[in-house]
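Everything on this sheet refers to the single structure shown next.
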Amino acid sequence: MAEIDRNGLRERFWANVPMDKMTQKEWEALCDGCGKCCLNKLEDEETGEVVLTRVACRLLDDSTCLCSQYPIRHQFVPECIVMSPKTIAENMYWLPQTCAYRLVTEGRDLYHWHPLISGDPMSVHEAGVSMRGLTVPEFEVDDDDWENHIIEEPT
């Protein structure tokens, strides 16, 4: 039986527990807080390639890289995608390359800077992987100008 830490998480649950058997707390803990999933993306209709822009959802707090209204986000952004073990497969194509949900689904381990590995929620920012300080709010950029804000994913 896996040992449970003081945060109520099983030891290395991401490597040892199927996603559909994770607790809600474990599922939420997979998020590293990088903010990349809250960036508006562009998809090439011909190739299916998805690129990031630095144009952020109106609810992204640029200083924390977290949703400012997470529990009630759908009241403000109805199209916000809820990630779950049931929806992960259909949404993998747009998840960031460093995303723990993608990594776990692909059978890969988390990066050393992930808070579950480092024990520090700031490690994602200190590693330069997050979007902290790099975004512009979507209400400041016309949809037609998003392509002017395409960025490479910080990895």
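Residue names in the structure tokens use chain letters A, B, ... in the order shown, residue numbers from 1 in each chain, and ligand numbers from 1 in the order shown.
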- Just list the residues in region 38-76 of chain A DSSP gives strand (DSSP E) on the backbone, as JSON, numbers by chain. {"A": [39, 40, 41, 42, 43, 50, 51, 52, 53, 54, 55, 56, 60, 61, 66, 67]}
So that each row is one residue of region 63-97 of chain A with an atom at most 10 Å from region 9-25 of chain A, can you give its shortest atom pair and the distance in Å to one decimal, using only C-alpha atoms, rows by chain and rising number, as CSV?
residue,atom,partner,partner_atom,distance
A:Ser84,CA,A:Asp20,CA,8.2
A:Pro85,CA,A:Asp20,CA,5.4
A:Lys86,CA,A:Asp20,CA,7.8
A:Ile88,CA,A:Met19,CA,9.6
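Candidate residues A:Val82, A:Cys99, A:Val50, A:Ala89 were compared for distance to Ser130 (chain A), and the nearest is A:Cys99, using only C-alpha atoms.
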For the contact check between region 45-116 of chain A and region 28-40 of chain A, emit one row per residue of region 45-116 of chain A within 7 Å, containing the shortest atom pair and the distance in Å rounded to one decimal, counting only C-alpha atoms, chain then rising number order, as a tab-separated table.
residue	atom	partner	partner_atom	distance
A:Leu52	CA	A:Asn40	CA	6.6
A:Thr53	CA	A:Asn40	CA	5.8
A:Arg54	CA	A:Leu39	CA	6.2
A:Val55	CA	A:Asn40	CA	5.6
A:Ala56	CA	A:Leu39	CA	4.3
A:Cys57	CA	A:Cys38	CA	5.6
A:Leu60	CA	A:Cys38	CA	6.5
A:Cys65	CA	A:Gly35	CA	4.6
A:Leu66	CA	A:Gly35	CA	6.1
A:Leu95	CA	A:Cys37	CA	6.4
A:Pro96	CA	A:Lys36	CA	6.4
A:Ala100	CA	A:Leu30	CA	5.7
A:Tyr101	CA	A:Leu30	CA	6.6
A:His114	CA	A:Asp32	CA	5.8
A:Pro115	CA	A:Asp32	CA	6.2
Filtering to N, CA and C atoms, could you give me those residues as a short mmCIF file (atom, residue, chain, number, x, y, z; two decimals), in the first residue's frame?
data_model
loop_
_atom_site.label_atom_id
_atom_site.label_comp_id
_atom_site.auth_asym_id
_atom_site.auth_seq_id
_atom_site.Cartn_x
_atom_site.Cartn_y
_atom_site.Cartn_z
N LEU A 52 1.43 28.03 -29.40
CA LEU A 52 1.06 28.90 -28.29
C LEU A 52 1.17 30.36 -28.69
N THR A 53 0.30 31.15 -28.09
CA THR A 53 0.48 32.60 -28.17
C THR A 53 0.69 33.08 -26.74
N ARG A 54 1.18 34.26 -26.58
CA ARG A 54 1.31 34.81 -25.23
C ARG A 54 0.05 35.55 -24.80
N VAL A 55 -0.99 35.39 -25.60
CA VAL A 55 -2.30 35.98 -25.31
C VAL A 55 -3.01 35.05 -24.32
N ALA A 56 -3.21 35.54 -23.11
CA ALA A 56 -3.74 34.72 -22.03
C ALA A 56 -5.24 34.89 -21.84
N CYS A 57 -5.86 33.85 -21.38
CA CYS A 57 -7.26 33.91 -20.96
C CYS A 57 -7.43 35.08 -19.99
N LEU A 60 -6.46 34.43 -16.32
CA LEU A 60 -5.13 34.04 -15.87
C LEU A 60 -4.48 35.19 -15.10
N CYS A 65 0.34 32.66 -12.37
CA CYS A 65 0.09 31.68 -13.44
C CYS A 65 -1.05 30.73 -13.08
N LEU A 66 -1.97 31.21 -12.26
CA LEU A 66 -3.14 30.42 -11.89
C LEU A 66 -4.40 31.14 -12.31
N LEU A 95 -2.31 20.24 -25.24
CA LEU A 95 -1.63 20.40 -23.95
C LEU A 95 -0.15 20.72 -24.18
N PRO A 96 0.40 21.56 -23.33
CA PRO A 96 1.83 21.88 -23.45
C PRO A 96 2.70 20.62 -23.36
N ALA A 100 2.10 17.87 -16.98
CA ALA A 100 2.11 16.59 -16.26
C ALA A 100 1.00 15.66 -16.75
N TYR A 101 -0.16 16.21 -17.10
CA TYR A 101 -1.24 15.37 -17.60
C TYR A 101 -0.81 14.66 -18.88
N HIS A 114 8.99 20.10 -11.39
CA HIS A 114 7.58 19.99 -11.04
C HIS A 114 7.45 20.04 -9.52
N PRO A 115 6.48 20.80 -9.00
CA PRO A 115 6.33 20.90 -7.54
C PRO A 115 6.18 19.56 -6.81
#
- Task: Could you give me, as a PyMOL selection string, each residue of chain A that DSSP assigns to helix (DSSP H, G or I) when run on this structure's backbone?
- Result: chain A and resi 13-16+19-21+24-29+36-38+70-76+88-94+100-105+115-118+123-126+138-140+143-149
- Using only C-alpha atoms, pick whichever of A:Leu116, A:Glu90, A:Asp44, A:Asn7 has the shortest atom-to-atom distance to Glu147 (chain A).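 Closest to Glu147 (chain A), using only C-alpha atoms: A:Asp44.
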